[in-house]
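File shown: entry04.txt (compact mmCIF, C-alpha atoms).
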# COMPACT_ATOMS: atom_id res chain seq x y z
CA MET Q 1 12.31 7.03 21.27
CA LEU Q 2 11.39 10.63 22.03
CA PRO Q 3 12.44 13.44 19.66
CA GLY Q 4 15.95 14.66 20.32
CA ASN Q 5 19.63 14.04 19.70
CA TYR Q 6 21.36 10.93 21.00
CA LEU Q 7 25.01 9.86 21.04
CA LEU Q 8 25.34 6.27 19.85
CA THR Q 9 27.75 4.00 21.71
CA PHE Q 10 28.86 0.58 20.53
CA SER Q 11 29.45 -2.48 22.71
CA ASP Q 12 31.78 -5.45 22.42
CA SER Q 13 29.45 -8.51 22.19
CA GLY Q 14 26.99 -6.76 24.46
CA LYS Q 15 29.43 -6.43 27.34
CA THR Q 16 31.44 -3.25 27.61
CA PRO Q 17 30.09 -0.03 26.08
CA ILE Q 18 32.54 1.55 23.65
CA THR Q 19 32.34 5.28 23.02
CA PRO Q 20 33.86 6.21 19.65
CA PRO Q 21 36.73 8.71 19.76
CA GLU Q 22 35.78 12.31 19.16
CA SER Q 23 36.57 12.01 15.44
CA GLN Q 24 34.06 9.17 15.07
CA LYS Q 25 31.12 10.45 17.11
CA ILE Q 26 27.78 9.96 15.45
CA ILE Q 27 24.76 12.08 16.29
CA PHE Q 28 21.48 10.26 15.72
CA SER Q 29 18.13 12.06 15.46
CA ARG Q 30 14.76 10.36 15.18
CA TYR Q 31 11.48 12.22 14.88
CA ARG Q 32 8.38 10.26 15.77
CA ASN Q 33 5.58 10.21 13.17
CA GLU Q 34 7.59 11.98 10.47
CA ASN Q 35 8.33 9.46 7.73
CA LYS Q 36 10.58 7.55 10.13
CA THR Q 37 13.09 10.22 9.20
CA VAL Q 38 16.62 9.43 10.26
CA SER Q 39 19.45 11.90 9.88
CA VAL Q 40 23.08 11.21 10.68
CA GLU Q 41 25.85 13.75 11.04
CA TYR Q 42 29.59 13.09 10.96
CA ASN Q 43 32.57 15.30 11.69
CA ARG Q 44 35.02 13.21 9.66
CA PRO Q 45 34.76 11.92 6.06
CA GLU Q 46 33.94 8.33 7.09
CA ALA Q 47 32.74 6.74 10.31
CA VAL Q 48 33.60 3.07 10.84
CA LEU Q 49 31.65 0.60 12.94
CA PRO Q 50 33.46 -1.74 15.40
CA GLU Q 51 35.91 -4.30 14.05
CA ASN Q 52 33.37 -7.15 14.00
CA ASP Q 53 31.26 -5.18 11.51
CA THR Q 54 33.15 -4.05 8.44
CA LYS Q 55 30.24 -2.12 6.95
CA LYS Q 56 31.08 1.54 6.43
CA ILE Q 57 28.54 4.33 6.65
CA PRO Q 58 28.49 6.59 3.55
CA VAL Q 59 29.27 10.28 3.87
CA ILE Q 60 26.17 12.44 4.29
CA PRO Q 61 26.73 16.11 3.48
CA VAL Q 62 25.31 18.48 6.07
CA LYS Q 63 24.91 22.17 5.36
CA GLU Q 64 23.46 24.70 7.73
CA PRO Q 65 20.87 26.77 5.84
CA ASP Q 66 22.04 30.36 5.46
CA SER Q 67 18.84 32.19 4.63
CA ASP Q 68 16.08 29.60 4.52
CA PRO Q 69 13.11 30.95 6.53
CA VAL Q 70 11.53 27.51 6.90
CA SER Q 71 14.56 25.83 8.44
CA LYS Q 72 15.22 28.90 10.60
CA ASN Q 73 11.59 28.90 11.83
CA THR Q 74 11.26 32.52 10.79
CA LEU Q 75 8.32 32.33 8.39
CA PRO Q 76 6.13 35.40 8.94
CA LEU Q 77 2.70 34.77 10.43
CA ASP Q 78 1.23 37.01 7.73
CA PRO Q 79 1.72 35.33 4.30
CA ASN Q 80 1.31 38.74 2.64
CA GLU Q 81 4.98 39.27 3.46
CA LEU Q 82 6.02 36.48 1.08
CA LEU Q 83 3.97 37.07 -2.06
CA LEU Q 84 5.42 36.62 -5.55
CA VAL Q 85 4.42 38.82 -8.49
CA VAL Q 86 3.08 37.02 -11.56
CA SER Q 87 2.95 39.25 -14.64
CA ALA Q 88 -0.15 39.58 -16.80
CA GLY Q 89 -0.18 37.65 -20.04
CA GLU Q 90 -1.43 34.69 -21.99
CA MET Q 91 -1.08 31.13 -20.77
CA PHE Q 92 -2.12 27.58 -21.59
CA ILE Q 93 -4.48 25.84 -19.21
CA GLY Q 94 -4.38 22.07 -19.01
CA GLU Q 95 -1.81 19.83 -20.69
CA SER Q 96 -2.94 19.92 -24.31
CA MET Q 97 -1.38 23.36 -24.94
CA LYS Q 98 -4.49 24.22 -26.96
CA GLN Q 99 -6.70 26.22 -24.58
CA LYS Q 100 -5.19 29.68 -24.22
CA LEU Q 101 -6.31 32.24 -21.65
CA SER Q 102 -5.31 35.79 -20.84
CA VAL Q 103 -4.60 36.35 -17.15
CA ALA Q 104 -4.29 39.70 -15.37
CA GLY Q 105 -1.28 40.30 -13.15
CA PHE Q 106 -1.54 39.00 -9.59
CA LYS Q 107 0.48 37.86 -6.58
CA ILE Q 108 0.69 34.36 -5.14
CA GLY Q 109 2.14 32.90 -1.95
CA MET Q 110 5.66 31.53 -2.06
CA TYR Q 111 4.62 28.76 0.34
CA GLU Q 112 1.53 26.80 1.28
CA ILE Q 113 -0.16 28.12 4.43
CA THR Q 114 1.31 26.48 7.51
CA ASN Q 115 -0.19 25.13 10.71
CA GLU Q 116 1.31 28.01 12.67
CA GLN Q 117 -0.08 30.65 10.31
CA PHE Q 118 -3.53 29.07 10.31
CA SER Q 119 -3.54 28.67 14.11
CA ASP Q 120 -2.63 32.33 14.55
CA LEU Q 121 -5.56 33.44 12.41
CA LEU Q 122 -7.98 31.10 14.18
CA ASN Q 123 -6.95 32.51 17.56
CA LYS Q 124 -7.61 36.06 16.38
CA ALA Q 125 -10.94 35.08 14.83
CA LEU Q 126 -11.99 33.26 18.02
CA GLU Q 127 -11.16 36.28 20.15
CA GLU Q 128 -13.17 38.51 17.80
CA LYS Q 129 -16.08 36.02 17.92
CA LYS Q 130 -15.97 35.41 14.15
CA ILE Q 131 -15.83 31.64 14.52
CA VAL Q 132 -17.38 28.98 16.75
CA TYR Q 133 -15.51 26.02 18.21
CA GLY Q 134 -17.47 22.85 18.90
CA GLN Q 135 -16.70 21.45 22.35
CA GLU Q 136 -19.25 18.68 22.74
CA GLY Q 137 -20.90 15.84 20.85
CA PRO Q 138 -20.42 15.32 17.10
CA GLU Q 139 -19.21 18.92 16.70
CA LYS Q 140 -16.33 18.52 19.14
CA GLY Q 141 -13.07 19.72 17.66
CA LYS Q 142 -14.70 21.34 14.62
CA VAL Q 143 -14.46 25.04 13.73
CA PHE Q 144 -17.41 26.79 12.08
CA ASP Q 145 -18.05 30.28 10.74
CA LEU Q 146 -21.11 32.21 11.86
CA HIS Q 147 -23.10 30.72 8.96
CA ARG Q 148 -22.33 27.25 10.33
CA HIS Q 149 -20.03 26.35 7.45
CA LEU Q 150 -17.35 23.89 8.54
CA LEU Q 151 -13.98 25.61 8.30
CA PHE Q 152 -11.56 23.20 9.89
CA LYS Q 153 -11.12 20.07 11.99
CA THR Q 154 -8.67 20.10 14.88
CA ASN Q 155 -6.89 17.08 16.34
CA GLU Q 156 -9.87 16.58 18.67
CA ALA Q 157 -12.13 15.97 15.65
CA ASP Q 158 -9.62 13.94 13.65
CA SER Q 159 -6.44 12.55 15.18
CA LEU Q 160 -4.50 13.16 11.95
CA SER Q 161 -4.98 16.93 12.13
CA GLN Q 162 -1.84 18.78 13.22
CA ILE Q 163 -3.55 21.58 15.14
CA PHE Q 164 -5.10 21.07 18.56
CA MET Q 165 -7.05 23.12 21.06
CA SER Q 166 -5.32 23.91 24.33
CA ASN Q 167 -6.77 25.20 27.58
CA ALA Q 168 -5.13 28.56 28.26
CA GLY Q 169 -6.76 28.99 31.68
CA GLU Q 170 -9.51 31.31 32.89
CA ASN Q 171 -11.97 29.58 30.55
CA ARG Q 172 -9.81 30.53 27.57
CA ILE Q 173 -8.84 28.15 24.80
CA THR Q 174 -6.23 28.56 22.09
CA PHE Q 175 -5.31 26.84 18.85
CA GLN Q 176 -1.77 25.45 18.64
CA SER Q 177 0.30 23.42 16.20
CA LEU Q 178 1.51 20.02 17.30
CA PRO Q 179 5.13 20.33 18.47
CA GLY Q 180 7.46 20.29 15.47
CA LYS Q 181 4.64 20.77 12.96
CA GLN Q 182 4.55 24.58 12.92
CA ASN Q 183 5.96 24.92 9.39
CA TYR Q 184 4.08 21.99 7.87
CA PRO Q 185 1.16 22.78 5.53
CA VAL Q 186 -2.21 23.01 7.22
CA ILE Q 187 -4.55 20.11 6.41
CA PHE Q 188 -8.18 19.34 7.33
CA VAL Q 189 -9.19 22.77 6.06
CA THR Q 190 -12.30 23.09 3.87
CA PHE Q 191 -12.75 25.49 0.95
CA TYR Q 192 -14.79 27.64 3.33
CA GLY Q 193 -11.89 27.61 5.79
CA ALA Q 194 -9.31 28.52 3.16
CA GLU Q 195 -11.54 31.30 1.84
CA PHE Q 196 -12.21 32.58 5.38
CA TYR Q 197 -8.48 32.72 6.09
CA CYS Q 198 -7.76 34.60 2.88
CA LYS Q 199 -10.50 37.18 3.40
CA GLU Q 200 -9.38 37.88 6.96
CA LEU Q 201 -5.91 38.77 5.65
CA GLY Q 202 -7.09 40.78 2.65
CA CYS Q 203 -6.19 38.00 0.21
CA ARG Q 204 -8.11 35.45 -1.84
CA LEU Q 205 -7.62 31.99 -3.26
CA PRO Q 206 -6.05 31.78 -6.72
CA ASN Q 207 -8.23 30.59 -9.54
CA GLU Q 208 -7.24 27.56 -11.61
CA ALA Q 209 -5.66 29.58 -14.43
CA GLU Q 210 -3.66 31.80 -12.07
CA TRP Q 211 -2.45 28.78 -10.16
CA GLU Q 212 -1.27 27.00 -13.32
CA LYS Q 213 0.41 30.15 -14.65
CA ALA Q 214 2.37 30.62 -11.44
CA ALA Q 215 3.20 26.93 -11.25
CA ALA Q 216 4.35 26.11 -14.75
CA MET Q 217 4.29 28.79 -17.45
CA LYS Q 218 7.81 29.56 -18.63
CA ILE Q 219 8.76 33.22 -18.42
CA THR Q 220 9.30 34.40 -22.00
CA GLU Q 221 10.14 37.65 -23.75
CA ALA Q 222 7.67 39.44 -26.02
CA GLY Q 223 7.29 37.58 -29.29
CA GLN Q 224 8.57 34.26 -27.99
CA PRO Q 225 6.23 31.24 -28.18
CA LEU Q 226 4.38 30.26 -25.02
CA SER Q 227 5.70 27.19 -23.25
CA LYS Q 228 4.75 25.32 -20.11
CA TYR Q 229 6.40 22.82 -17.78
CA ARG Q 230 4.80 19.50 -16.87
CA TYR Q 231 5.55 19.87 -13.15
CA GLY Q 232 5.53 22.77 -10.72
CA PHE Q 233 9.28 23.01 -10.23
CA SER Q 234 10.38 24.16 -13.70
CA SER Q 235 10.91 20.67 -15.10
CA ASP Q 236 9.24 18.08 -17.30
CA GLU Q 237 10.88 15.21 -15.41
CA ILE Q 238 10.48 14.12 -11.81
CA ASN Q 239 12.22 12.05 -9.16
CA ARG Q 240 12.02 12.09 -5.39
CA THR Q 241 14.59 14.88 -5.02
CA TRP Q 242 12.14 17.33 -6.60
CA ALA Q 243 8.87 16.90 -4.71
CA ASN Q 244 6.98 15.14 -1.95
CA TYR Q 245 4.98 12.49 -3.80
CA LYS Q 246 4.58 8.71 -3.84
CA THR Q 247 7.26 7.01 -5.91
CA ASN Q 248 5.54 3.61 -6.07
CA ALA Q 249 1.99 2.34 -5.85
CA ALA Q 250 2.58 0.04 -2.86
CA SER Q 251 0.57 0.97 0.21
CA GLY Q 252 1.83 0.71 3.76
CA LYS Q 253 -0.04 -1.29 6.36
CA TYR Q 254 -0.87 1.81 8.37
CA PHE Q 255 -1.71 5.24 6.99
CA LYS Q 256 0.19 8.26 8.25
CA VAL Q 257 0.45 11.88 7.21
CA ASN Q 258 3.65 12.27 5.21
CA THR Q 259 3.70 16.00 4.58
CA THR Q 260 7.03 17.83 4.63
CA PRO Q 261 7.65 21.37 5.88
CA VAL Q 262 6.70 23.95 3.27
CA GLY Q 263 9.66 24.71 1.03
CA PHE Q 264 11.55 21.60 2.16
CA TYR Q 265 12.70 20.95 -1.42
CA ASN Q 266 15.05 23.90 -1.48
CA GLY Q 267 18.42 22.55 -2.63
CA ILE Q 268 19.68 22.52 0.97
CA ASN Q 269 17.72 19.89 2.87
CA ILE Q 270 18.67 16.22 2.91
CA LEU Q 271 16.12 13.52 2.08
CA PRO Q 272 15.41 10.64 4.46
CA LEU Q 273 17.25 7.46 3.53
CA ASP Q 274 15.47 5.12 1.14
CA PRO Q 275 16.42 1.43 0.70
CA SER Q 276 17.04 2.09 -3.01
CA ASP Q 277 19.50 4.94 -2.38
CA PRO Q 278 23.20 4.16 -2.89
CA GLU Q 279 23.83 7.26 -0.80
CA GLN Q 280 21.70 9.85 0.91
CA LEU Q 281 20.31 12.43 -1.51
CA LYS Q 282 19.92 16.19 -1.30
CA THR Q 283 16.79 18.00 -2.43
CA GLN Q 284 16.71 20.05 -5.61
CA ASN Q 285 15.84 23.72 -5.41
CA ALA Q 286 12.34 22.92 -6.64
CA VAL Q 287 10.76 26.28 -7.41
CA SER Q 288 8.21 27.18 -10.05
CA PRO Q 289 9.17 29.73 -12.73
CA VAL Q 290 8.01 32.57 -10.45
CA GLY Q 291 9.72 31.13 -7.35
CA ALA Q 292 6.93 29.25 -5.54
CA TYR Q 293 7.56 26.02 -3.63
CA ASP Q 294 5.49 22.80 -3.46
CA MET Q 295 3.36 23.50 -6.52
CA SER Q 296 3.69 19.78 -7.24
CA GLY Q 297 3.20 17.43 -4.31
CA ASN Q 298 3.04 17.83 -0.52
CA VAL Q 299 -0.68 18.76 -0.35
CA TRP Q 300 -3.47 19.42 -2.82
CA GLU Q 301 -4.27 23.14 -2.92
CA TRP Q 302 -7.74 24.66 -3.02
CA VAL Q 303 -8.36 26.84 -6.10
CA MET Q 304 -11.42 28.51 -7.58
CA PRO Q 305 -12.69 27.44 -11.01
CA VAL Q 306 -12.41 29.73 -14.02
CA GLY Q 307 -15.47 31.28 -15.66
CA ASP Q 308 -19.00 30.08 -14.89
CA GLU Q 309 -18.07 26.79 -13.25
CA VAL Q 310 -19.20 26.25 -9.68
CA GLY Q 311 -17.52 24.41 -6.84
CA ALA Q 312 -13.81 24.18 -6.22
CA PHE Q 313 -10.78 22.17 -7.27
CA GLY Q 314 -7.69 20.74 -5.71
CA LYS Q 315 -4.50 21.27 -7.72
CA GLY Q 316 -0.94 20.00 -7.53
CA GLY Q 317 -1.35 16.54 -6.03
CA CYS Q 318 -0.08 15.48 -2.62
CA TYR Q 319 2.29 13.17 -0.77
CA GLU Q 320 0.02 10.19 -1.62
CA SER Q 321 -0.13 11.02 -5.35
CA LEU Q 322 1.97 9.17 -7.92
CA SER Q 323 3.99 11.16 -10.47
CA GLU Q 324 1.01 11.47 -12.82
CA GLY Q 325 -1.03 12.93 -9.98
CA VAL Q 326 1.35 15.82 -9.30
CA ARG Q 327 1.31 17.14 -12.87
CA ILE Q 328 0.23 20.77 -13.13
CA ALA Q 329 -2.71 19.81 -15.32
CA GLU Q 330 -4.09 17.37 -12.74
CA GLN Q 331 -7.10 18.43 -10.71
CA ILE Q 332 -9.79 16.97 -8.49
CA SER Q 333 -13.27 18.36 -7.90
CA LEU Q 334 -14.10 18.64 -4.20
CA PRO Q 335 -17.22 19.66 -2.24
CA LEU Q 336 -16.80 23.03 -0.55
CA GLY Q 337 -17.24 21.54 2.92
CA HIS Q 338 -14.79 18.69 2.36
CA CYS Q 339 -11.60 18.39 4.39
CA ASP Q 340 -9.01 15.65 4.66
CA ALA Q 341 -5.35 14.85 5.41
CA PHE Q 342 -4.27 15.66 1.86
CA THR Q 343 -5.54 19.18 1.14
CA GLY Q 344 -4.31 22.67 2.05
CA PHE Q 345 -3.97 25.97 0.20
CA ARG Q 346 -1.90 29.06 -0.57
CA VAL Q 347 -3.03 32.66 -0.89
CA ALA Q 348 -3.24 35.00 -3.87
CA ARG Q 349 -3.91 38.70 -4.35
CA SER Q 350 -4.82 40.95 -7.28
CA LEU Q 351 -2.34 43.63 -8.31
Encoding of this model in structure tokens:
Amino acid sequence: MLPGNYLLTFSDSGKTPITPPESQKIIFSRYRNENKTVSVEYNRPEAVLPENDTKKIPVIPVKEPDSDPVSKNTLPLDPNELLLVVSAGEMFIGESMKQKLSVAGFKIGMYEITNEQFSDLLNKALEEKKIVYGQEGPEKGKVFDLHRHLLFKTNEADSLSQIFMSNAGENRITFQSLPGKQNYPVIFVTFYGAEFYCKELGCRLPNEAEWEKAAAMKITEAGQPLSKYRYGFSSDEINRTWANYKTNAASGKYFKVNTTPVGFYNGINILPLDPSDPEQLKTQNAVSPVGAYDMSGNVWEWVMPVGDEVGAFGKGGCYESLSEGVRIAEQISLPLGHCDAFTGFRVARSL
């Protein structure tokens, strides 16, 4: 079924179609390749199936977002417009609450960088001849900087990538998000690609300590003891209303990218139905103490190490991580040229 809205009609033993009266109309939406997401909307408290099926469909609350930039598709292309201030101060790094660091004030992105934002920057960089796009052989679909560092893989290089190259005519090509994926976090970006993006916009990647401070350190008054949350949404407990992560270890037969739009867990959006749900659930407003979304789950985020360490880390876990894997203290060490379907980034900036 193609994306779109469809009016369901019932039939009597497969013979005569029956259209429900206006008060019982059901709008059905199905989005291909997006978690098999099914949303149902009613305009009366309860919709009843035909007489030969006594099962009743539970009420699903629907609320039109009032000021949510993600749902309204109004996220700015420049992430500098949505930076959060993180005050200077001491913080604990890791989960032991023993290693204390002092961190200078900085700013960090409210959201992970999206496919649309990344595509926009790539188009500008291509026009300014700052990047090279491979069009043939083993380099087809790959984006490199002028030092031949791999920055990114498009859909032509890996079919799971959500950005593709389109022919704009007159020997021009342009990067575009897959339809419907504009506000999803960019994936298949290397550390070099994340760093390139940041530098082009006058930003940088956060380091590990900054990232953890923004994600989990409780905001306290002078003289109060330091305290830190376990997860990146101001909580020590987790369930599937708080973050995009894997709630059980079972693996599906076929892998698919299960990212959600950045900021989806905002207290407004409704979760896809799960067989274990007695009724459809609404997301929590899952923000970190400073107001950042998706610090636990959705995609791993590139960060720089602290001190003399070399290399780079992924922080925050992803949609394929179990609850232990989306703890703030969790990290993975990744090669700088690595990219995959699980890793993205957000920007930071010094004050």
Hey, what's within 7 Å of Gln162 (chain Q) if we count all atoms listed in the file and toss same-chain stuff fewer than 3 positions away? As an NGL selection string, please? :Q and (155 or 177-178 or 181)
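Going from CA of Gln284 (chain Q) over to CA of Glu212 (chain Q), you cover 20.8 Å.
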Can you tell me, as a PyMOL selection string, what residues are no more than 6 Å from Gly232 (chain Q) when counting all atoms listed in the file, ignoring any on the same chain fewer than 3 positions away? chain Q and resi 215-216+288+295-296
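The smallest atom-to-atom distance between Asn80 (chain Q) and any of Q:Pro305, Q:Pro275, Q:Gly94, Q:Gly109, using all atoms listed in the file, is found for Q:Gly109.
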Can you tell me, as a list in words, which residues sit within 8 Å of (-4.8, 23.5, 19.1) in the file's frame, using only C-alpha atoms? Ser119, Thr154, Asn155, Ile163, Phe164, Met165, Ser166, Thr174, Phe175, Gln176, Ser177 and Leu178 of chain Q
Write out as a PyMOL selection string which residues come within 9 Å of region 344-347 of chain Q when counting all atoms listed in the file, dropping same-chain ones fewer than 2 positions away. chain Q and resi 79-80+83+107-114+185-191+194+197-198+203-206+299-303+314+339-342+349
Restricting the calculation to only C-alpha atoms: of Q:Phe92, Q:Tyr184, Q:Phe196, Q:Tyr231, which residue gets closest to Leu75 (chain Q)? Q:Tyr184
What is the CA of His338 (chain Q)-CA of Ala243 (chain Q) distance in Å, reported with one decimal?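 Between CA of His338 (chain Q) and CA of Ala243 (chain Q) the gap is 24.8 Å.
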Rounded to one decimal place, report the CA of Gly311 (chain Q)-CA of Leu336 (chain Q) distance in Å. 6.5 Å
Might you pull out every residue within 10 Å of Lys213 (chain Q), with only C-alpha atoms counted and same-chain residues fewer than 5 positions away left off, and present them as a ChimeraX atom specification? /Q:86-93,101,103,208,218-219,228-229,232,288-290,328
Selection export as a PDB file, keeping the file's coordinate frame, atoms kept: C-alpha atoms:
ATOM      1  CA  VAL Q  86       3.080  37.020 -11.560  1.00  0.00           C
ATOM      2  CA  SER Q  87       2.950  39.250 -14.640  1.00  0.00           C
ATOM      3  CA  ALA Q  88      -0.150  39.580 -16.800  1.00  0.00           C
ATOM      4  CA  GLY Q  89      -0.180  37.650 -20.040  1.00  0.00           C
ATOM      5  CA  GLU Q  90      -1.430  34.690 -21.990  1.00  0.00           C
ATOM      6  CA  MET Q  91      -1.080  31.130 -20.770  1.00  0.00           C
ATOM      7  CA  PHE Q  92      -2.120  27.580 -21.590  1.00  0.00           C
ATOM      8  CA  ILE Q  93      -4.480  25.840 -19.210  1.00  0.00           C
ATOM      9  CA  LEU Q 101      -6.310  32.240 -21.650  1.00  0.00           C
ATOM     10  CA  VAL Q 103      -4.600  36.350 -17.150  1.00  0.00           C
ATOM     11  CA  GLU Q 208      -7.240  27.560 -11.610  1.00  0.00           C
ATOM     12  CA  LYS Q 218       7.810  29.560 -18.630  1.00  0.00           C
ATOM     13  CA  ILE Q 219       8.760  33.220 -18.420  1.00  0.00           C
ATOM     14  CA  LYS Q 228       4.750  25.320 -20.110  1.00  0.00           C
ATOM     15  CA  TYR Q 229       6.400  22.820 -17.780  1.00  0.00           C
ATOM     16  CA  GLY Q 232       5.530  22.770 -10.720  1.00  0.00           C
ATOM     17  CA  SER Q 288       8.210  27.180 -10.050  1.00  0.00           C
ATOM     18  CA  PRO Q 289       9.170  29.730 -12.730  1.00  0.00           C
ATOM     19  CA  VAL Q 290       8.010  32.570 -10.450  1.00  0.00           C
ATOM     20  CA  ILE Q 328       0.230  20.770 -13.130  1.00  0.00           C
TER      21      ILE Q 328
END
Kindly indicate which residue among Q:Asn167, Q:Gln135, Q:Ser350, Q:Asn183 lies nearest to Gln117 (chain Q), using only C-alpha atoms for the distances.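 Using only C-alpha atoms, the shortest distance to Gln117 (chain Q) belongs to Q:Asn183.
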Quick one: what's the axis-aligned box for region 198-201 of chain Q, all listed atoms, 4 Å on every side, centre and edges in Å to one decimal, as lines of an AutoDock Vina configuration file?
center_x = -8.2
center_y = 36.7
center_z = 4.9
size_x = 12.6
size_y = 12.2
size_z = 12.1
Near Val143 (chain Q), within 8 Å and counting all atoms listed in the file, which residues show up once chain neighbours fewer than 5 positions away are dropped, as a ChimeraX atom specification? /Q:131-134,150-154
Looking at Q:Lys282, Q:Arg327, Q:Glu116, Q:Val306, which one is nearest to Gly180 (chain Q), with distances taken over all atoms listed in the file?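 The answer is Q:Glu116, which sits nearest to Gly180 (chain Q).
Of the listed residues Q:Asn207, Q:Gly141, Q:Gly316, Q:His147, the one whose atoms come nearest to Ser159 (chain Q) is Q:Gly141, with distances taken using only C-alpha atoms.
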Nearest residue to Ala157 (chain Q) from the set Q:Glu127, Q:Glu139, Q:Glu309, Q:Asp236 (distances using only C-alpha atoms):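 Result for the nearest residue to Ala157 (chain Q): Q:Glu139.
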